[in-house]
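Here is the file target18.txt (compact mmCIF, C-alpha atoms).
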```
# COMPACT_ATOMS: atom_id res chain seq x y z
CA MET A 88 -88.42 71.12 -90.56
CA GLU A 89 -85.04 69.72 -89.52
CA ARG A 90 -85.02 66.71 -87.23
CA VAL A 91 -82.95 66.91 -84.01
CA LEU A 92 -82.14 63.97 -81.75
CA ILE A 93 -81.13 64.76 -78.17
CA THR A 94 -79.42 61.99 -76.20
CA GLY A 95 -79.63 62.20 -72.42
CA ALA A 96 -82.94 64.02 -72.90
CA LYS A 97 -84.02 63.50 -69.27
CA GLY A 98 -80.85 65.09 -67.91
CA MET A 99 -80.33 68.66 -66.76
CA LEU A 100 -79.18 69.99 -70.13
CA GLY A 101 -81.33 67.61 -72.19
CA LEU A 102 -84.52 68.94 -70.61
CA GLU A 103 -83.69 72.54 -71.52
CA LEU A 104 -82.47 71.69 -75.02
CA THR A 105 -85.76 69.90 -75.69
CA ASP A 106 -87.68 73.06 -74.75
CA VAL A 107 -85.40 75.48 -76.61
CA PHE A 108 -85.30 73.49 -79.86
CA GLY A 109 -88.92 72.34 -79.68
CA ASP A 110 -90.47 75.37 -81.39
CA SER A 111 -88.20 75.41 -84.45
CA TYR A 112 -87.13 71.78 -84.92
CA ASP A 113 -88.70 68.33 -84.96
CA VAL A 114 -87.19 67.11 -81.68
CA TYR A 115 -86.67 63.51 -80.63
CA GLY A 116 -85.56 63.07 -77.02
CA ARG A 117 -83.95 59.76 -76.07
CA ASP A 118 -82.40 58.43 -72.85
CA ILE A 119 -81.01 55.23 -71.34
CA ASP A 120 -84.42 53.55 -71.27
CA ASP A 121 -84.64 53.99 -75.06
CA PHE A 122 -81.17 52.73 -76.01
CA ASP A 123 -77.83 52.17 -74.27
CA ILE A 124 -75.10 54.18 -75.98
CA THR A 125 -72.43 51.68 -74.85
CA ARG A 126 -73.99 49.05 -77.15
CA ASP A 127 -72.79 49.82 -80.64
CA GLU A 128 -75.36 48.08 -82.83
CA GLU A 129 -78.26 49.09 -80.60
CA THR A 130 -77.17 52.73 -80.68
CA VAL A 131 -76.53 52.92 -84.42
CA ASP A 132 -79.79 51.14 -85.25
CA ALA A 133 -81.83 53.40 -82.94
CA ILE A 134 -80.35 56.59 -84.39
CA ILE A 135 -80.63 55.46 -88.00
CA LYS A 136 -84.30 54.65 -87.40
CA ILE A 137 -84.88 58.31 -86.43
CA ARG A 138 -82.68 59.70 -89.24
CA PRO A 139 -81.88 63.01 -87.54
CA ASP A 140 -80.28 65.95 -89.32
CA VAL A 141 -78.53 66.86 -86.06
CA VAL A 142 -77.65 64.80 -82.98
CA ILE A 143 -77.01 66.74 -79.75
CA HIS A 144 -75.13 64.28 -77.58
CA THR A 145 -75.51 65.15 -73.88
CA ALA A 146 -75.68 61.60 -72.47
CA ALA A 147 -72.67 60.96 -70.22
CA TYR A 148 -71.39 59.48 -67.00
CA THR A 149 -70.87 62.71 -65.04
CA ASP A 150 -70.13 61.50 -61.50
CA VAL A 151 -66.59 62.90 -61.35
CA ASP A 152 -65.55 61.03 -58.20
CA GLY A 153 -67.44 57.92 -59.27
CA CYS A 154 -65.40 57.83 -62.46
CA GLU A 155 -62.25 57.21 -60.39
CA SER A 156 -63.64 53.96 -59.02
CA HIS A 157 -65.39 53.01 -62.26
CA ILE A 158 -62.73 53.86 -64.83
CA GLU A 159 -63.83 51.28 -67.38
CA LEU A 160 -67.45 52.43 -67.17
CA ALA A 161 -66.43 56.08 -67.57
CA HIS A 162 -64.54 55.35 -70.78
CA SER A 163 -67.23 52.98 -72.00
CA VAL A 164 -69.92 55.66 -71.69
CA ASN A 165 -68.06 58.90 -72.36
CA GLY A 166 -65.58 57.51 -74.87
CA GLY A 167 -67.07 54.39 -76.44
CA GLY A 168 -70.66 55.66 -76.19
CA THR A 169 -69.71 58.83 -78.02
CA LYS A 170 -67.94 56.76 -80.66
CA ASN A 171 -71.16 54.79 -81.23
CA VAL A 172 -73.22 57.97 -81.62
CA ALA A 173 -70.56 59.41 -83.94
CA SER A 174 -70.64 56.22 -86.01
CA ALA A 175 -74.36 56.66 -86.62
CA CYS A 176 -73.85 60.33 -87.52
CA ARG A 177 -71.14 59.37 -90.01
CA GLU A 178 -73.38 56.78 -91.63
CA LEU A 179 -76.27 59.22 -91.94
CA GLY A 180 -74.19 62.30 -92.76
CA SER A 181 -75.75 64.00 -89.73
CA GLU A 182 -74.24 66.90 -87.86
CA MET A 183 -73.17 66.14 -84.27
CA VAL A 184 -73.04 68.43 -81.25
CA TYR A 185 -70.99 67.00 -78.38
CA ILE A 186 -71.07 68.43 -74.86
CA SER A 187 -67.63 68.41 -73.27
CA THR A 188 -66.06 69.93 -70.19
CA ASP A 189 -63.49 72.26 -68.64
CA TYR A 190 -62.00 69.11 -67.10
CA VAL A 191 -60.10 68.40 -70.32
CA PHE A 192 -57.62 70.99 -68.98
CA ASP A 193 -55.29 70.62 -66.00
CA GLY A 194 -56.13 74.01 -64.47
CA THR A 195 -52.56 75.31 -64.26
CA LYS A 196 -52.94 78.18 -66.75
CA SER A 197 -53.04 81.66 -65.20
CA GLY A 198 -55.72 83.00 -67.55
CA ALA A 199 -58.85 81.72 -69.29
CA TYR A 200 -58.52 78.65 -71.50
CA SER A 201 -59.09 79.12 -75.24
CA GLU A 202 -60.12 76.46 -77.72
CA GLU A 203 -56.54 76.30 -78.99
CA ASP A 204 -54.94 75.53 -75.62
CA SER A 205 -53.44 72.08 -75.13
CA THR A 206 -55.61 69.61 -73.26
CA CYS A 207 -54.23 67.72 -70.28
CA PRO A 208 -56.95 66.18 -68.06
CA ILE A 209 -56.01 65.29 -64.48
CA ASN A 210 -58.89 62.93 -63.68
CA THR A 211 -60.71 60.01 -65.28
CA TYR A 212 -63.82 62.04 -66.10
CA GLY A 213 -61.75 64.57 -68.05
CA ARG A 214 -59.80 61.85 -69.87
CA SER A 215 -62.99 60.00 -70.84
CA LYS A 216 -64.66 63.17 -72.12
CA LEU A 217 -61.55 64.06 -74.11
CA GLU A 218 -61.67 60.58 -75.63
CA GLY A 219 -65.22 61.41 -76.74
CA GLU A 220 -64.00 64.66 -78.30
CA ARG A 221 -61.41 62.77 -80.32
CA TRP A 222 -63.96 60.33 -81.70
CA VAL A 223 -66.21 63.20 -82.79
CA ARG A 224 -63.36 65.05 -84.48
CA THR A 225 -62.10 62.00 -86.38
CA MET A 226 -65.44 60.40 -87.33
CA VAL A 227 -67.94 63.18 -88.01
CA GLY A 228 -67.79 65.52 -91.00
CA GLN A 229 -69.78 68.39 -89.50
CA PHE A 230 -69.51 68.76 -85.74
CA VAL A 231 -69.65 71.20 -82.85
CA ILE A 232 -67.88 70.48 -79.57
CA VAL A 233 -69.11 72.65 -76.69
CA ARG A 234 -66.94 72.79 -73.59
CA THR A 235 -68.74 74.14 -70.57
CA ALA A 236 -68.29 74.23 -66.78
CA TRP A 237 -70.05 74.22 -63.42
CA LEU A 238 -73.49 73.44 -64.87
CA PHE A 239 -76.66 73.98 -62.83
CA GLY A 240 -80.37 73.80 -63.60
CA ARG A 241 -83.57 71.91 -62.98
CA GLY A 242 -83.72 68.15 -62.83
CA GLY A 243 -80.25 67.17 -61.73
CA ASP A 244 -77.69 67.12 -58.94
CA HIS A 245 -75.41 70.15 -58.88
CA PHE A 246 -73.62 72.57 -56.57
CA VAL A 247 -76.54 74.95 -56.01
CA LYS A 248 -78.81 72.14 -54.89
CA THR A 249 -76.12 70.61 -52.68
CA ILE A 250 -75.32 73.91 -50.94
CA LEU A 251 -78.97 74.63 -50.17
CA LYS A 252 -79.54 71.10 -48.89
CA LEU A 253 -76.48 71.12 -46.63
CA ALA A 254 -77.21 74.64 -45.39
CA ARG A 255 -80.69 73.63 -44.23
CA GLU A 256 -79.49 70.35 -42.72
CA LYS A 257 -76.25 71.48 -41.04
CA GLY A 258 -76.33 75.25 -40.73
CA ALA A 259 -72.58 75.48 -41.39
CA LEU A 260 -70.50 74.73 -44.48
CA SER A 261 -66.90 74.39 -45.58
CA VAL A 262 -66.22 75.29 -49.22
CA VAL A 263 -63.00 75.44 -51.24
CA THR A 264 -61.69 78.85 -52.16
CA ASP A 265 -58.79 77.92 -54.46
CA GLN A 266 -60.78 76.61 -57.45
CA VAL A 267 -62.09 79.23 -59.86
CA GLY A 268 -64.59 78.96 -62.72
CA SER A 269 -67.82 80.26 -64.23
CA PRO A 270 -71.17 78.77 -63.17
CA THR A 271 -73.34 77.96 -66.18
CA TYR A 272 -77.13 77.82 -66.28
CA ALA A 273 -78.48 74.97 -68.41
CA VAL A 274 -81.16 77.28 -69.84
CA ASP A 275 -78.54 79.77 -71.05
CA LEU A 276 -76.25 77.05 -72.42
CA SER A 277 -79.17 75.54 -74.36
CA ARG A 278 -79.96 78.92 -75.92
CA ALA A 279 -76.30 79.34 -76.86
CA ILE A 280 -76.26 75.92 -78.56
CA TYR A 281 -79.43 76.87 -80.43
CA ILE A 282 -77.70 80.03 -81.67
CA LEU A 283 -74.69 78.00 -82.82
CA MET A 284 -77.01 75.82 -84.87
CA GLU A 285 -78.87 78.77 -86.36
CA LYS A 286 -75.59 80.48 -87.30
CA LYS A 287 -74.25 77.23 -88.84
CA CYS A 288 -71.14 77.39 -86.66
CA ARG A 289 -68.72 74.45 -86.68
CA GLY A 290 -65.76 73.41 -84.52
CA ILE A 291 -64.94 73.78 -80.82
CA TYR A 292 -66.51 76.46 -78.62
CA HIS A 293 -66.16 77.39 -74.97
CA ILE A 294 -69.47 78.49 -73.46
CA THR A 295 -70.22 79.47 -69.85
CA ASN A 296 -72.08 82.29 -68.19
CA GLY A 297 -70.15 85.53 -67.77
CA LYS A 298 -67.80 86.49 -64.90
CA THR A 299 -65.87 84.16 -62.61
CA CYS A 300 -65.82 83.13 -58.95
CA SER A 301 -64.44 80.56 -56.55
CA TRP A 302 -66.65 77.79 -55.19
CA TYR A 303 -66.59 79.69 -51.88
CA GLU A 304 -67.84 82.91 -53.48
CA TYR A 305 -70.43 80.94 -55.40
CA ALA A 306 -71.73 79.33 -52.19
CA GLN A 307 -71.98 82.70 -50.47
CA GLU A 308 -74.03 84.12 -53.35
CA ILE A 309 -76.37 81.09 -53.37
CA LEU A 310 -77.04 81.49 -49.65
CA ALA A 311 -77.50 85.26 -49.86
CA MET A 312 -79.99 85.04 -52.72
CA SER A 313 -81.87 82.30 -50.85
CA GLY A 314 -82.17 84.29 -47.62
CA LEU A 315 -79.81 82.01 -45.74
CA ASP A 316 -77.22 84.63 -44.77
CA ASN A 317 -77.10 83.25 -41.23
CA VAL A 318 -75.36 80.07 -42.42
CA SER A 319 -71.63 80.21 -41.76
CA VAL A 320 -69.25 79.27 -44.58
CA ASP A 321 -65.65 78.39 -43.79
CA GLN A 322 -62.93 78.70 -46.40
CA ILE A 323 -60.85 75.58 -47.04
CA SER A 324 -58.26 74.55 -49.61
CA SER A 325 -58.63 71.77 -52.18
CA ASP A 326 -56.03 69.76 -50.26
CA GLN A 327 -58.37 69.63 -47.27
CA LEU A 328 -61.10 67.94 -49.28
CA ASP A 329 -61.20 64.16 -49.31
CA ARG A 330 -62.24 63.69 -52.94
CA ALA A 331 -61.38 60.75 -55.19
CA ALA A 332 -60.82 62.92 -58.26
CA LYS A 333 -58.48 65.88 -58.57
CA ARG A 334 -60.11 69.07 -59.83
CA PRO A 335 -58.51 71.81 -61.96
CA ARG A 336 -57.68 74.90 -59.90
CA ASN A 337 -58.55 77.08 -62.90
CA SER A 338 -61.68 76.15 -64.86
CA VAL A 339 -62.22 79.52 -66.53
CA LEU A 340 -63.06 79.16 -70.24
CA ASP A 341 -62.61 81.97 -72.77
CA ARG A 342 -65.97 82.63 -74.51
CA GLY A 343 -64.46 85.06 -77.02
CA LYS A 344 -64.73 82.83 -80.08
CA PHE A 345 -68.39 82.06 -79.43
CA GLU A 346 -69.28 85.70 -78.85
CA ARG A 347 -67.37 86.94 -81.90
CA GLU A 348 -68.89 84.41 -84.29
CA THR A 349 -72.47 84.66 -83.02
CA GLY A 350 -72.69 88.25 -81.79
CA TYR A 351 -74.32 86.88 -78.64
CA ARG A 352 -73.05 87.60 -75.11
CA MET A 353 -73.70 85.25 -72.22
CA ARG A 354 -75.15 87.03 -69.20
CA PRO A 355 -73.23 87.08 -65.87
CA TRP A 356 -73.63 83.99 -63.72
CA ARG A 357 -75.19 85.95 -60.84
CA GLU A 358 -78.11 87.00 -63.07
CA ALA A 359 -78.53 83.43 -64.25
CA LEU A 360 -78.40 82.10 -60.68
CA ARG A 361 -81.09 84.54 -59.54
CA ASP A 362 -83.28 83.51 -62.47
CA TYR A 363 -82.83 79.82 -61.59
CA LEU A 364 -83.64 80.33 -57.90
CA GLU A 365 -86.76 82.37 -58.71
CA ARG A 366 -87.98 79.72 -61.13
CA GLU A 367 -87.36 76.93 -58.62
CA ALA A 368 -89.27 78.83 -55.92
CA LYS A 369 -92.33 78.80 -58.19
CA ARG A 370 -92.23 75.06 -58.93
```

Output the structure of this file as structure tokens.
Amino acid sequence: MERVLITGAKGMLGLELTDVFGDSYDVYGRDIDDFDITRDEETVDAIIKIRPDVVIHTAAYTDVDGCESHIELAHSVNGGGTKNVASACRELGSEMVYISTDYVFDGTKSGAYSEEDSTCPINTYGRSKLEGERWVRTMVGQFVIVRTAWLFGRGGDHFVKTILKLAREKGALSVVTDQVGSPTYAVDLSRAIYILMEKKCRGIYHITNGKTCSWYEYAQEILAMSGLDNVSVDQISSDQLDRAAKRPRNSVLDRGKFERETGYRMRPWREALRDYLEREAKR
């Protein structure tokens, strides 16, 4: 049985990956309390001790606005930390799966971004994650880079949770309508990564749930599915938001390559959202 190491195993995606891979692989979940990926020797030694066949690297500094005030930390974790994990993979000859982001693009394209489109991040988070991509591509022989967007799921802070919290506390919301993307359920993304591994796919892949929406449309759907239709939602522009980091206006990723090479289609985000809300209601 192949051995899989998952970094950031206590995070939103790490939790689901552990479950999805657990039945078919010998899974080792590790997080910050096990080793600090910004420390090179500590990271390499910890990974070599496990000797994984595959490392799925989800550990990251994901506070997009926080990255703007902690630029050095963002690059230390997302860039340097990834380099350290890649170094261990190179030494062991292990395959590496790196989780990246739509934020490596500037959001000015009119259509969906393909894997071949030029990257041009407009915030520190995007630049630090792109740095991580470059280390993986130059250091690891066999790798998969998965770019995803608008992730939600159990065990983490995300838009769905924030909207429901604010709706119950305030009763009225203001949400941007000029940023478009595809919400992605951590359960579905984990299954897609599993399929990539089973199909022996290599390279860069864009994976999100199907269909697109604005943050405003997304918020409306969250409230409707949660029985909170009475909460008013005002439309605002990105310029009206006081956020430290700029966000891409267009975060839509083209899933065509993934679907062609695996024969697997990601379900629409509304179906995934309903599934998530139903599961959370039972917890």

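Using all atoms listed in the file, the shortest contact distance between His144 in chain A and any of A:Asp127, A:Glu203, A:Glu220, A:Asp193 is found at A:Glu220.
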
key: Ser215 in chain A environment, 7 Å, only C-alpha atoms, sequence neighbours closer than 2 positions dropped, as a ChimeraX atom specification   = /A:161-162,165-166,211-213,217-219

Top pick for closest residue to Gln229 in chain A, considering A:Gly180, A:Gly98, A:Gly153, A:Gly116 and counting all atoms listed in the file = A:Gly180

message = Measuring between all atoms listed in the file, which one of A:Arg126, A:Arg177, A:Arg117, A:Lys248 shows the shortest distance to Glu367 in chain A?
response = A:Lys248

Just want the 8 Å neighbourhood of range 350-357 of chain A, counted on only C-alpha atoms, with same-chain residues fewer than 4 positions away dropped. Output as a PDB file with C-alpha atoms, keeping the file's coordinate frame.
```
ATOM      1  CA  SER A 269     -67.820  80.260 -64.230  1.00  0.00           C
ATOM      2  CA  PRO A 270     -71.170  78.770 -63.170  1.00  0.00           C
ATOM      3  CA  THR A 271     -73.340  77.960 -66.180  1.00  0.00           C
ATOM      4  CA  TYR A 272     -77.130  77.820 -66.280  1.00  0.00           C
ATOM      5  CA  ASP A 275     -78.540  79.770 -71.050  1.00  0.00           C
ATOM      6  CA  ALA A 279     -76.300  79.340 -76.860  1.00  0.00           C
ATOM      7  CA  THR A 295     -70.220  79.470 -69.850  1.00  0.00           C
ATOM      8  CA  ASN A 296     -72.080  82.290 -68.190  1.00  0.00           C
ATOM      9  CA  GLY A 297     -70.150  85.530 -67.770  1.00  0.00           C
ATOM     10  CA  LYS A 298     -67.800  86.490 -64.900  1.00  0.00           C
ATOM     11  CA  THR A 299     -65.870  84.160 -62.610  1.00  0.00           C
ATOM     12  CA  GLU A 308     -74.030  84.120 -53.350  1.00  0.00           C
ATOM     13  CA  PHE A 345     -68.390  82.060 -79.430  1.00  0.00           C
ATOM     14  CA  GLU A 346     -69.280  85.700 -78.850  1.00  0.00           C
ATOM     15  CA  ARG A 361     -81.090  84.540 -59.540  1.00  0.00           C
TER      16      ARG A 361
END
```

task = May I have the protein, DNA and RNA residues with an atom at most 12 Å from (-79.8, 62.3, -81.8), counting only C-alpha atoms in the file's coordinates, returned as an MDAnalysis selection string?
result = chainID A and resid 89:96 101 104:105 113:118 121:122 124 130:146 169 171:176 179 181:185

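Checking A:Pro208, A:Gly290, A:Gly240, A:Gly268 one by one against Gly228 in chain A, counting all atoms listed in the file, you find the shortest gap at A:Gly290.
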
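Separating CA of Arg224 in chain A from CA of Ser187 in chain A is a distance of 12.5 Å.
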
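Every protein, DNA or RNA residue with an atom at most 12 Å from Leu253 in chain A, where only C-alpha atoms count and chain neighbours fewer than 5 positions away do not, is listed here: Phe246, Val247, Lys248, Gly258, Ala259, Leu260, Ser261, Val262, Ala306, Leu310, Leu315, Val318, Ser319 and Val320 of chain A.
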
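Put simply, CA of Ile323 in chain A is 27.7 Å away from CA of Ala273 in chain A.
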
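The smallest atom-to-atom distance between Gly314 in chain A and any of A:Arg342, A:Arg334, A:His293, A:Arg255, using all atoms listed in the file, is found for A:Arg255.
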
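Between CA of Trp222 in chain A and CA of Glu348 in chain A the interatomic distance comes to 24.7 Å.
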
At most 6 Å from (-55.6, 64.1, -60.2), file frame, only C-alpha atoms: which residues, as a PDB file with C-alpha atoms, in the frame of the given file?
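Saved to part38.pdb:
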```pdb
ATOM      1  CA  ILE A 209     -56.010  65.290 -64.480  1.00  0.00           C
ATOM      2  CA  ASN A 210     -58.890  62.930 -63.680  1.00  0.00           C
ATOM      3  CA  ALA A 332     -60.820  62.920 -58.260  1.00  0.00           C
ATOM      4  CA  LYS A 333     -58.480  65.880 -58.570  1.00  0.00           C
TER       5      LYS A 333
END
```

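Considering all atoms listed in the file, the residue among A:Ile250, A:Val164, A:Ile309, A:Val263 positioned nearest to Ile119 in chain A is A:Val164.
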
Sorted per-residue table, range 233-260 of chain A near range 337-341 of chain A, closest atoms and distance, 9 Å, only C-alpha atoms, as a tab-separated table:
```
residue	atom	partner	partner_atom	distance
A:Arg234	CA	A:Leu340	CA	8.2
A:Thr235	CA	A:Leu340	CA	7.6
A:Ala236	CA	A:Ser338	CA	7.1
A:Trp237	CA	A:Ser338	CA	8.7
```

Generate a file for range 279-297 of chain A, containing C-alpha atoms, as a tab-separated table (two decimals), in the first residue's frame.
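Final output, saved to part-v4.tsv:
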```
chain	number	residue	atom	x	y	z
A	279	ALA	CA	-10.88	15.06	-7.56
A	280	ILE	CA	-7.31	14.93	-6.22
A	281	TYR	CA	-7.79	11.25	-5.42
A	282	ILE	CA	-8.87	10.65	-9.02
A	283	LEU	CA	-5.79	12.50	-10.30
A	284	MET	CA	-3.61	10.18	-8.24
A	285	GLU	CA	-5.43	7.05	-9.40
A	286	LYS	CA	-5.15	8.13	-13.05
A	287	LYS	CA	-1.43	8.94	-12.62
A	288	CYS	CA	-1.96	12.47	-13.93
A	289	ARG	CA	0.92	14.95	-13.78
A	290	GLY	CA	1.23	18.71	-14.27
A	291	ILE	CA	-1.05	21.66	-13.52
A	292	TYR	CA	-4.83	21.31	-13.18
A	293	HIS	CA	-7.64	23.75	-12.47
A	294	ILE	CA	-10.33	22.22	-10.28
A	295	THR	CA	-13.47	23.87	-8.87
A	296	ASN	CA	-17.10	22.92	-8.64
A	297	GLY	CA	-19.18	23.55	-11.75
```
